[in-house]
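Visitor: Quick one: this structure, given as structure tokens, is what I'll be asking you about.
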Amino acid sequence: MFGTIIAFKHINYQKGILGSDWVGLKNFKFLFATNDAWVITRNTLLYNLAFIVINTVVGIILAIFICDVVSKKLKKLYQSAVLLPYLMSIVIISYIVFAFLSTENGMVNNSLLIPFGKNPISWYAEPKYWPFILTLVNVWKGVGYGCLIYISAINGIPKDYYEAANLDGAGKWKQIRCITLPSLVPSVITLTLLSIGRIFYSDFGLFYQVPLDSGTLYSTTNVIDTYVYRALIKLGNVGMSSAACLYQSVVGFVLVLTANLIVRKVSKENALF
Amino acid sequence: MIRSKSNMRFQILANFILILFTIFVITPFILLIMSSFTEESTLIRNGYSFFPEKFSLGAYAYIWKNASKIMRAYGITILVTVVGTAVNVMLSTMIAYPLSLEQLPGRRAITFYLFFTMLFSGGLVPSYLLYSNYFHIKNTIWALIVPNLLLSAMSVLLIRTYISTSIPSALFEAAKVDGAGEFTVFFKLVIPLSKPIIVTMGTFAGLGYWNDWTNGLYYLTDTKYYSIQNLLNKMITDIQVLSSNSSMASQASSEMAKLPTVGVRMAIAVVAMLPIFVLFPFLQKYFQKGIALGAVKG
Amino acid sequence: MKKKILSMLLSMVLTVACFTGCGSNPSSGGETGGAASTETPKNPEDMYTVTMAVIGNDQEDMDLVEAEMNKILAEKVGAQIDVITLGWGVYQQQLQLMLSGAEKLDLVPIMYNNVSTYVNSGQVLDMSDLIDQYGVNMKEALGEDILKIANMNGYVYGVPVEKEWYADSCLVMRKDILDKYNLDVSNVKSLADCAPIFETIHENEPDMKIIVGAKDGLIGNIYFADVLSDRFGVLDNGGADTTIVNYYETDNYKNLAATVHDYYEKGYIDKDMATSTDAGTTILKAGNAFCFATPYKPGVAEQESLNTGYELVAVRINPTPAFCYTNAVAAITWGIGQNCENPEMTMKVLDYMYGDPELMNLFNWGIEGVHYVVKDAENDVIGFPDGVDASNAKYNLNMGWELPNQYKIHVWEGSSRKIMDAQKEMNATANKSKALGFMFDSTSVSNEIAALNNVVSEYSASIDCGAADPATAIPEFNEKLYAAGLQTVMDEKQKQLNEWLENQK
């Protein structure tokens, strides 16, 4: 926490952090200096909202299916498959994406588009494809996390609920709607609130490494984290990077408080605090 | 009759979708593995493909030369993952349990506080000063275990949610009436009953440790304690730094000539994943067991 | 009671947890050096140990070599040395952190792009007086002009090393291909002159990638201006005049961009270049490529031939003749970290390195007979002993250009004393930019520079490799640069430059 004061200082290590001069809000200025500010804020928000919704929905669907698969072996296979991409470092993922999308050597161009008589696409120069590519990569990599949490939540539902429902003649779909989904609500709320708190942050690797830092794609790939990184990699200014970090935290914090307040209004026991 | 038919259909649908998803997940891995076996010049001439024209073990031969380094890094990774995960899970559950109890004074405030630290971190420089000047973990094995990963507010909150929703609090009351102390309740009731979430969060903590390279980057200048991810990351960042800076590139071109080729990078990625492929089935046994146990008793 | 214990336990754990988020008092920067004793202790254990960071790969036999170096240093300087190697990918982050903390770090390699951070946040010491007092060997090696060139407003943060101090460019091309199609390069003076050569190769070897390289590696490696620290406002014509102009609006830049775009359309340039992280050397080595652009220095063709395994020729295509400017001279300098406990002794050790080839041979090449053997005593050429090569060498730092004085030490096989002498000669004869010695202090415009960095990374790479049409992309690029505050930066720079020029008179 103490570190946040760095955001308001011009750090000089010979004077020490406490002894450095105060500079007010000057460190924050670069975040809003150009009209990029709008693009990066929009991108960050939209991507994160999309990721929250899609990962939750896909995660729940997969979790329900996996829990209901009868064959033990298949169940194991699916469970591993869902989690597997989570093990990959994002740089390796960027290599794999490149293997698919490279203009000259890529799988997609060489084995799909050209053999079918289509023109090859310079993927890394066409911003319009990237919202889909990034969302796809994010689901591929990230869905396992939520999915496993949902699986454990579903497994925590007492079996007799289902048995009772069976006796009552409720079909599979009805069981899912009336038993499984309601019992997932607390986990969904916790996970969503946590993600909302980080809504101004983004997975740096996903937005920097996967598009290979291609300048032409910035209109759809530049987010706050990558903007700050590019701005400061050469300057290395501690004050400015703390300022950016603080800005992201404060916005997330306010949003989470609001969201939590709403949750409290609707159902008190599900609120985070 | 109707029910089993609908069940049948459901099974088919579930398996169908899951198989599709599995293919979606696995395909990139196959491409990765195939390209690690493709001969370098083929890779450059013909591009990436599932069916490379020319196979080559060249990339793996290169890795074999550095086998001792890689084995050591593996050892470090495994040690760190095991110790880190164990401590992480223990700490998280110990904090989550009291937080789940209605009667804990200041429960909301503490949860809020936890959440707050998760959102507002002091940033890299202050944490670095703290760990290197006061905890003296720099260039020790602790550097890979303690910072950032030892405790996550996220897992505390998720475990808390699980305990408060899935374990009836009457159970605790009953135990206490029977004369059980808080510790007994914690070890005999809370831990066994929240096994599904503990195993899940433990898996994530373990993966977090397995995949982490940032701690090594910040707190290790001595490569003695490098984990496998640190090796991989070092190699990749070396490539990026050396070639992104043109003035440096001309100077250090002899360094660059030593850098591993694309095939080797892919091969190292495969090698870094290998143990997880091997260990996962074993882990999963516990995983299933944990989930089953929790379910029965819940 | 039990509840109390429980909540106490909880709060204890939480307190520990919170530390991850909390900061701490930094130690006040160490300027304790003044009190150091002047007599030299006789016993190596009592001597001051200079901790020196080196950027490069870690060496298995570092301890052995350090022990040998310590013998020399104990006898000649009365100090000991401890070398830390930092990898290429991590050095920037690690140095930044080490210089922020209370760690002992005496000798710091300072890459040019980190200077403003280090100086502005007081992470390195002002060496001005120390150089006057102890800088004997370095003065002899570098000369009076260069010695204190690495200063920002008089704050001397480092001492340059002897390397090539000028900017010049060339394409290195594969000789086997040139010979195969009987192509003559003697008349090629610019990138545009290469058109017929590329055309022939493209016709005959349609699969071959003609120009390869990493992103921003083409125009950026061909046309150099005196970039005055950061390329936002430069001096054209090698710094012959002192009016600051916008690099991205110069005729040279526009012409090159047009040529490159033409080549790109014709298929001469690797389509993935705008995102490539592999340098020309790496790609050429893998085969199926013809040439790449790289800064020129005597011996560059030999050096790259060695690295790629193909015989190469260097074709100079620089639109401006070679010139000497601050960025090149101060590309790497050695400074003293803020936590150094004994700056005097550190300075003595550094100065000694400029003068003693024996010590530096050890440092760079290892121990004679173990890590290298003399191959050609007459020309001072050395190489690996039998049975040792680059893949199993236990010590081969090979960072001559980073170390203080590479021109005094043995030469590795493939290069030669002659090449080294030619490089040194060129240092003396190259034109000097009028702003040689000027360094821009960007503190007051750091917000603008942060925004400009983003604009450059958005446009530069795609123009550089020809993927974008310069007719539309360059105006758009410049418009955005000005919107991000380029004029403010240029004005500030011009102001500082004028003041500096005034002071030089």
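As shown in the structure tokens, the chain order sets the letters A, B, ...; within each chain, residues go from 1, and ligands are also counted from 1 in the order they appear.
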As a ChimeraX atom specification, please: the residues near segment 96-100 of chain A (cut-off 8 Å, only C-alpha atoms, same-chain neighbours under 3 positions excluded).
Guide: /A:92-93,105-109,210 /B:28,31-32,47-48
Visitor: Let's have the selection written as an mmCIF file, in the first residue's frame, with N, CA and C atoms.
Guide:
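Final output, saved to again.cif:
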data_model
loop_
_atom_site.group_PDB
_atom_site.id
_atom_site.type_symbol
_atom_site.label_atom_id
_atom_site.label_comp_id
_atom_site.auth_asym_id
_atom_site.auth_seq_id
_atom_site.Cartn_x
_atom_site.Cartn_y
_atom_site.Cartn_z
ATOM 1 N N ILE A 92 4.748 -19.101 -25.424
ATOM 2 C CA ILE A 92 4.644 -20.299 -26.258
ATOM 3 C C ILE A 92 3.336 -20.254 -27.034
ATOM 4 N N ILE A 93 2.281 -19.792 -26.376
ATOM 5 C CA ILE A 93 1.006 -19.668 -27.084
ATOM 6 C C ILE A 93 1.160 -18.716 -28.260
ATOM 7 N N ASN A 105 4.408 -18.527 -43.583
ATOM 8 C CA ASN A 105 4.562 -19.919 -43.193
ATOM 9 C C ASN A 105 3.354 -20.501 -42.483
ATOM 10 N N GLY A 106 2.329 -19.688 -42.275
ATOM 11 C CA GLY A 106 1.240 -20.115 -41.398
ATOM 12 C C GLY A 106 0.418 -21.259 -41.946
ATOM 13 N N MET A 107 -0.079 -22.070 -41.015
ATOM 14 C CA MET A 107 -0.963 -23.180 -41.325
ATOM 15 C C MET A 107 -2.208 -22.710 -42.059
ATOM 16 N N VAL A 108 -2.849 -21.662 -41.527
ATOM 17 C CA VAL A 108 -4.137 -21.239 -42.069
ATOM 18 C C VAL A 108 -3.985 -20.789 -43.515
ATOM 19 N N ASN A 109 -2.980 -19.972 -43.767
ATOM 20 C CA ASN A 109 -2.786 -19.499 -45.137
ATOM 21 C C ASN A 109 -2.362 -20.642 -46.061
ATOM 22 N N VAL A 210 0.790 -12.176 -28.013
ATOM 23 C CA VAL A 210 0.048 -12.926 -29.019
ATOM 24 C C VAL A 210 -0.089 -12.151 -30.333
ATOM 25 N N PRO B 28 -3.755 -27.217 -31.109
ATOM 26 C CA PRO B 28 -2.551 -26.399 -31.042
ATOM 27 C C PRO B 28 -1.359 -27.140 -30.446
ATOM 28 N N LEU B 31 0.213 -29.230 -33.072
ATOM 29 C CA LEU B 31 1.030 -28.417 -33.979
ATOM 30 C C LEU B 31 2.364 -28.075 -33.326
ATOM 31 N N LEU B 32 2.306 -27.758 -32.053
ATOM 32 C CA LEU B 32 3.533 -27.435 -31.314
ATOM 33 C C LEU B 32 4.494 -28.614 -31.326
ATOM 34 N N GLY B 47 6.886 -23.864 -44.030
ATOM 35 C CA GLY B 47 5.992 -23.367 -42.990
ATOM 36 C C GLY B 47 5.562 -24.479 -42.042
ATOM 37 N N TYR B 48 4.672 -24.095 -41.138
ATOM 38 C CA TYR B 48 4.225 -25.020 -40.109
ATOM 39 C C TYR B 48 3.172 -25.950 -40.674
#
Visitor: Report as a Markdown table: every residue of segment 120-213 of chain B with an atom at most 9 Å from segment 229-233 of chain B, its closest pair of atoms, and their distance in Å to one decimal, counting only C-alpha atoms, with rows sorted by chain and ascending residue number.
Guide:
| residue | atom | partner | partner_atom | distance |
| --- | --- | --- | --- | --- |
| B:Trp210 | CA | B:Gln229 | CA | 7.6 |
| B:Asn211 | CA | B:Gln229 | CA | 6.2 |
| B:Asp212 | CA | B:Gln229 | CA | 6.6 |
| B:Trp213 | CA | B:Asn230 | CA | 5.1 |
Visitor: Residues within 9 Å of segment 171-178 of chain B, please, as a ChimeraX atom specification. Count only C-alpha atoms; anything in the same chain fewer than 4 positions from it doesn't count.
Guide: /B:167,182,184-185,189-190
Visitor: Can you list, as a short mmCIF file (atom, residue, chain, number, x, y, z; two decimals) with C-alpha atoms, in the first residue's frame, every protein, DNA or RNA residue that comes within 10 Å of segment 191-208 of chain C when you count only C-alpha atoms, leaving out same-chain residues fewer than 3 positions away?
Guide:
data_model
loop_
_atom_site.label_atom_id
_atom_site.label_comp_id
_atom_site.auth_asym_id
_atom_site.auth_seq_id
_atom_site.Cartn_x
_atom_site.Cartn_y
_atom_site.Cartn_z
CA ARG B 45 10.69 -23.18 -46.43
CA ASN B 46 7.31 -24.90 -46.15
CA CYS C 170 25.41 -1.91 -45.05
CA LEU C 171 23.59 -4.88 -46.47
CA ILE C 177 24.16 -16.41 -54.66
CA LEU C 178 25.88 -13.34 -56.08
CA LYS C 180 25.86 -18.02 -59.06
CA TYR C 181 24.09 -15.33 -61.05
CA ASN C 182 27.18 -13.26 -61.78
CA LEU C 183 25.91 -10.23 -59.96
CA ASP C 184 28.13 -7.24 -59.46
CA VAL C 185 27.73 -5.15 -56.33
CA ASN C 187 28.20 0.00 -58.22
CA VAL C 188 25.61 -0.35 -55.50
CA ILE C 211 15.57 -9.23 -47.43
CA ILE C 219 15.22 1.62 -42.64
CA ILE C 222 20.14 1.95 -43.13
CA ASN C 255 12.76 7.96 -50.11
CA LEU C 256 13.81 4.81 -48.32
CA ALA C 258 9.15 4.41 -50.96
CA THR C 259 11.91 2.04 -52.10
CA VAL C 260 11.16 -0.44 -49.38
CA ASP C 262 8.21 -1.03 -53.79
CA TYR C 263 10.36 -4.03 -52.83
CA LYS C 266 7.45 -7.05 -55.56
CA GLY C 267 7.85 -9.78 -52.96
CA TYR C 268 11.49 -9.16 -52.06
CA ILE C 269 10.81 -8.60 -48.39
CA ASP C 270 9.77 -11.20 -45.87
CA GLY C 287 19.02 -20.79 -44.91
CA ASN C 288 16.83 -19.67 -47.78
CA ALA C 289 17.47 -15.97 -47.31
CA PHE C 290 19.73 -13.62 -49.19
CA CYS C 291 20.60 -10.49 -47.24
CA ALA C 293 20.71 -4.74 -43.18
CA VAL C 315 27.64 -3.57 -49.35
CA ARG C 316 27.56 -0.08 -47.94
CA ILE C 317 24.35 1.75 -48.70
CA ASN C 318 24.34 4.58 -46.21
CA PRO C 319 22.68 7.75 -47.55
#
Visitor: Give me, as a PDB file with N, CA and C atoms, in the first residue's frame, all polymer residues having an atom no more than 8 Å from Lys348 of chain C, counting only C-alpha atoms and skipping those fewer than 4 positions away in the same chain.
Guide:
ATOM      1  N   VAL C  77      46.095  -3.419  -7.623  1.00  0.00           N
ATOM      2  CA  VAL C  77      45.188  -2.358  -7.180  1.00  0.00           C
ATOM      3  C   VAL C  77      44.890  -2.448  -5.688  1.00  0.00           C
ATOM      4  N   TYR C 134      41.335   9.604 -10.558  1.00  0.00           N
ATOM      5  CA  TYR C 134      41.889   8.265 -10.777  1.00  0.00           C
ATOM      6  C   TYR C 134      41.922   7.837 -12.240  1.00  0.00           C
ATOM      7  N   GLY C 135      41.313   8.620 -13.120  1.00  0.00           N
ATOM      8  CA  GLY C 135      41.155   8.143 -14.489  1.00  0.00           C
ATOM      9  C   GLY C 135      42.397   8.282 -15.351  1.00  0.00           C
ATOM     10  N   GLU C 344      35.948   5.234  -4.517  1.00  0.00           N
ATOM     11  CA  GLU C 344      37.350   5.432  -4.904  1.00  0.00           C
ATOM     12  C   GLU C 344      37.944   4.136  -5.422  1.00  0.00           C
ATOM     13  N   TYR C 352      41.883   0.571 -13.880  1.00  0.00           N
ATOM     14  CA  TYR C 352      42.903  -0.438 -14.137  1.00  0.00           C
ATOM     15  C   TYR C 352      42.514  -1.306 -15.341  1.00  0.00           C
TER      16      TYR C 352
END
Visitor: Just give me the gap between atom CA of Glu502 of chain C and atom CA of Thr326 of chain C in Å, one decimal is fine.
Guide: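 Interatomic distance, atom CA of Glu502 of chain C to atom CA of Thr326 of chain C: 17.5 Å.
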